[in-house]
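Remarks on the structure that follows.
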Amino acid sequence: MDIKKIEKFLKEELQLTLHPKKRYFQSVYKGVSFLGTRIYPHCRYPSNRIQQKFKKALHDLPSENFKPETLISYLGFLKHMQGDKFIARMFRKYHLDYRLYLELRSPDSRPILEIVEDLRQQAIANQKQK
């Protein structure tokens, strides 16, 4: 598609303009970063920043400053992309039962706070075993 057609559409239909120095073209197969997600034509993955923050949320599970809403937020965000392998790897790393994550994804699961509390109890038990 011609850039002039795009600029015309943006200006006339959406009243938007493209900054002339802040645009570049690349293959769609390299993906695009947008709102904590790396988007490819065939899938979406969590960005590195989101992955790091999710790891920190799991690491904080047994601590007193754990905030369940943080973990719930990341789990909700991650379920909208192809992050199951990453989540499975993190659950193995922290010795958490992956079936609890799968329960979160099922439509007839228990309340999410109960499941997160079970994850927290597992993390505390794992910490005591070390």
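Labels used: A, B, ... for chains in the order of the structure tokens, numbers from 1 for residues in each chain, and numbers from 1 for ligands as shown.
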Cut-off 10 Å: closest range 28-49 of chain A/range 63-83 of chain A atom pairs per residue, using only C-alpha atoms, as a Markdown table:
| residue | atom | partner | partner_atom | distance |
| --- | --- | --- | --- | --- |
| A:Gly36 | CA | A:Phe77 | CA | 9.3 |
| A:Thr37 | CA | A:Met81 | CA | 8.3 |
| A:Arg38 | CA | A:Met81 | CA | 9.5 |
| A:Ile39 | CA | A:Met81 | CA | 9.3 |
| A:Cys43 | CA | A:Gln82 | CA | 6.6 |
| A:Arg44 | CA | A:Met81 | CA | 5.1 |
| A:Tyr45 | CA | A:Gln82 | CA | 5.5 |
| A:Pro46 | CA | A:Gly83 | CA | 6.7 |
Skipping near chain neighbours, those fewer than 3 positions away, what residues fall within 12 Å of Gln121 in chain A using only C-alpha atoms, listed as an NGL selection string? :A and (61-63 or 66 or 95-97 or 114-118 or 124-128)
Can you list, as a list in words, all residues belonging to chain A that DSSP tags as strand (DSSP E or B)?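 Checking each residue of chain A, the strand (DSSP E or B) ones are Val32, Ser33, Phe34, Thr37, Arg38, Ile39, Arg44, Tyr45 and Pro46 of chain A.
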Write a file of the selected residues as a PDB file, in the first residue's frame, keeping C-alpha atoms.
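Final file, part.pdb:
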ATOM      1  CA  VAL A  32       5.499  -5.276  16.361  1.00  0.00           C
ATOM      2  CA  SER A  33       5.707  -4.321  20.030  1.00  0.00           C
ATOM      3  CA  PHE A  34       2.428  -2.924  21.316  1.00  0.00           C
ATOM      4  CA  THR A  37       2.844  -7.667  23.599  1.00  0.00           C
ATOM      5  CA  ARG A  38       4.992  -8.722  20.680  1.00  0.00           C
ATOM      6  CA  ILE A  39       2.545  -9.204  17.801  1.00  0.00           C
ATOM      7  CA  ARG A  44       1.050 -12.827  20.175  1.00  0.00           C
ATOM      8  CA  TYR A  45       3.710 -13.206  22.866  1.00  0.00           C
ATOM      9  CA  PRO A  46       4.303 -11.297  26.103  1.00  0.00           C
TER      10      PRO A  46
END
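Here CA of Ile50 in chain A stands at a distance of 25.6 Å from CA of Arg110 in chain A.
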Could I get the residues of range 34-99 of chain A with an atom no further than 9 Å from an atom of range 21-30 of chain A, each paired with its nearest atom pair and that distance in Å to one decimal, using only C-alpha atoms, sorted by chain and residue number, as a Markdown table?
| residue | atom | partner | partner_atom | distance |
| --- | --- | --- | --- | --- |
| A:Ile39 | CA | A:Lys30 | CA | 8.8 |
| A:Tyr40 | CA | A:Tyr29 | CA | 6.1 |
| A:Pro41 | CA | A:Tyr29 | CA | 6.6 |
| A:His42 | CA | A:Tyr29 | CA | 9.0 |
Grab the residues selected above and save them as a short mmCIF file (atom, residue, chain, number, x, y, z; two decimals), in the first residue's frame with N, CA, C and O atoms.
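See selection_6.cif below for the written result:
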data_model
loop_
_atom_site.label_atom_id
_atom_site.label_comp_id
_atom_site.auth_asym_id
_atom_site.auth_seq_id
_atom_site.Cartn_x
_atom_site.Cartn_y
_atom_site.Cartn_z
N ILE A 39 3.58 -8.70 18.70
CA ILE A 39 2.54 -9.20 17.80
C ILE A 39 3.17 -9.63 16.48
O ILE A 39 3.89 -8.85 15.84
N TYR A 40 2.89 -10.87 16.09
CA TYR A 40 3.33 -11.44 14.81
C TYR A 40 2.07 -11.78 14.00
O TYR A 40 0.98 -11.84 14.57
N PRO A 41 2.22 -12.05 12.72
CA PRO A 41 1.02 -12.36 11.92
C PRO A 41 0.24 -13.57 12.44
O PRO A 41 -0.97 -13.64 12.32
N HIS A 42 0.94 -14.53 13.05
CA HIS A 42 0.30 -15.77 13.45
C HIS A 42 0.09 -15.91 14.96
O HIS A 42 -0.55 -16.87 15.40
#
For Lys4 in chain A, please output as a PyMOL selection string all residues within 12 Å (counting only C-alpha atoms; exclusion window: fewer than 5 positions along the same chain). chain A and resi 9-11+17-18+20
Taking the DSSP assignment computed from this structure's backbone, write out as a PyMOL selection string all residues of range 10-110 of chain A that belong to helix (DSSP H, G or I). chain A and resi 10-14+28-30+48-59+68-78+84-93+98-105
For CA of His59 in chain A and CA of Asp108 in chain A, the interatomic separation in Å (one decimal): 27.6 Å
Output as JSON lines one row per residue of range 29-61 of chain A within 9 Å of range 86-92 of chain A: the closest atom pair and its distance in Å to one decimal place, counting only C-alpha atoms, sorted by chain and residue number ascending.
{"residue": "A:Gln51", "atom": "CA", "partner": "A:Phe86", "partner_atom": "CA", "distance": 8.3}
{"residue": "A:Phe54", "atom": "CA", "partner": "A:Met90", "partner_atom": "CA", "distance": 8.8}
{"residue": "A:Lys55", "atom": "CA", "partner": "A:Met90", "partner_atom": "CA", "distance": 7.0}
{"residue": "A:Leu58", "atom": "CA", "partner": "A:Met90", "partner_atom": "CA", "distance": 8.0}
For all heavy atoms, I'd like the residues from the last selection saved as a PDB file, in the first residue's frame.
ATOM      1  N   GLN A  51       7.290 -10.409  30.864  1.00  0.00           N
ATOM      2  CA  GLN A  51       7.807 -11.682  31.373  1.00  0.00           C
ATOM      3  C   GLN A  51       8.587 -11.481  32.670  1.00  0.00           C
ATOM      4  O   GLN A  51       8.409 -12.234  33.639  1.00  0.00           O
ATOM      5  CB  GLN A  51       8.694 -12.349  30.324  1.00  0.00           C
ATOM      6  CG  GLN A  51       7.933 -12.862  29.129  1.00  0.00           C
ATOM      7  CD  GLN A  51       8.827 -13.528  28.113  1.00  0.00           C
ATOM      8  OE1 GLN A  51       9.863 -14.082  28.460  1.00  0.00           O
ATOM      9  NE2 GLN A  51       8.422 -13.490  26.858  1.00  0.00           N
ATOM     10  N   PHE A  54       6.183 -10.707  35.520  1.00  0.00           N
ATOM     11  CA  PHE A  54       5.457 -11.909  35.924  1.00  0.00           C
ATOM     12  C   PHE A  54       6.348 -12.789  36.794  1.00  0.00           C
ATOM     13  O   PHE A  54       5.907 -13.323  37.814  1.00  0.00           O
ATOM     14  CB  PHE A  54       4.968 -12.670  34.692  1.00  0.00           C
ATOM     15  CG  PHE A  54       4.228 -13.933  35.019  1.00  0.00           C
ATOM     16  CD1 PHE A  54       2.972 -13.889  35.606  1.00  0.00           C
ATOM     17  CD2 PHE A  54       4.776 -15.168  34.732  1.00  0.00           C
ATOM     18  CE1 PHE A  54       2.278 -15.048  35.907  1.00  0.00           C
ATOM     19  CE2 PHE A  54       4.087 -16.333  35.030  1.00  0.00           C
ATOM     20  CZ  PHE A  54       2.839 -16.269  35.624  1.00  0.00           C
ATOM     21  N   LYS A  55       7.618 -12.932  36.403  1.00  0.00           N
ATOM     22  CA  LYS A  55       8.565 -13.709  37.216  1.00  0.00           C
ATOM     23  C   LYS A  55       8.674 -13.118  38.618  1.00  0.00           C
ATOM     24  O   LYS A  55       8.707 -13.841  39.608  1.00  0.00           O
ATOM     25  CB  LYS A  55       9.953 -13.721  36.564  1.00  0.00           C
ATOM     26  CG  LYS A  55      10.055 -14.560  35.328  1.00  0.00           C
ATOM     27  CD  LYS A  55      11.460 -14.442  34.741  1.00  0.00           C
ATOM     28  CE  LYS A  55      11.526 -15.004  33.359  1.00  0.00           C
ATOM     29  NZ  LYS A  55      12.849 -14.825  32.736  1.00  0.00           N
ATOM     30  N   LEU A  58       5.673 -14.032  40.686  1.00  0.00           N
ATOM     31  CA  LEU A  58       5.759 -15.412  41.182  1.00  0.00           C
ATOM     32  C   LEU A  58       6.804 -15.531  42.287  1.00  0.00           C
ATOM     33  O   LEU A  58       6.596 -16.247  43.274  1.00  0.00           O
ATOM     34  CB  LEU A  58       6.095 -16.374  40.038  1.00  0.00           C
ATOM     35  CG  LEU A  58       4.993 -16.660  39.039  1.00  0.00           C
ATOM     36  CD1 LEU A  58       5.484 -17.618  37.959  1.00  0.00           C
ATOM     37  CD2 LEU A  58       3.753 -17.223  39.708  1.00  0.00           C
TER      38      LEU A  58
END
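In this model, the gap between CA of Tyr94 in chain A and CA of Lys130 in chain A comes to 11.9 Å.
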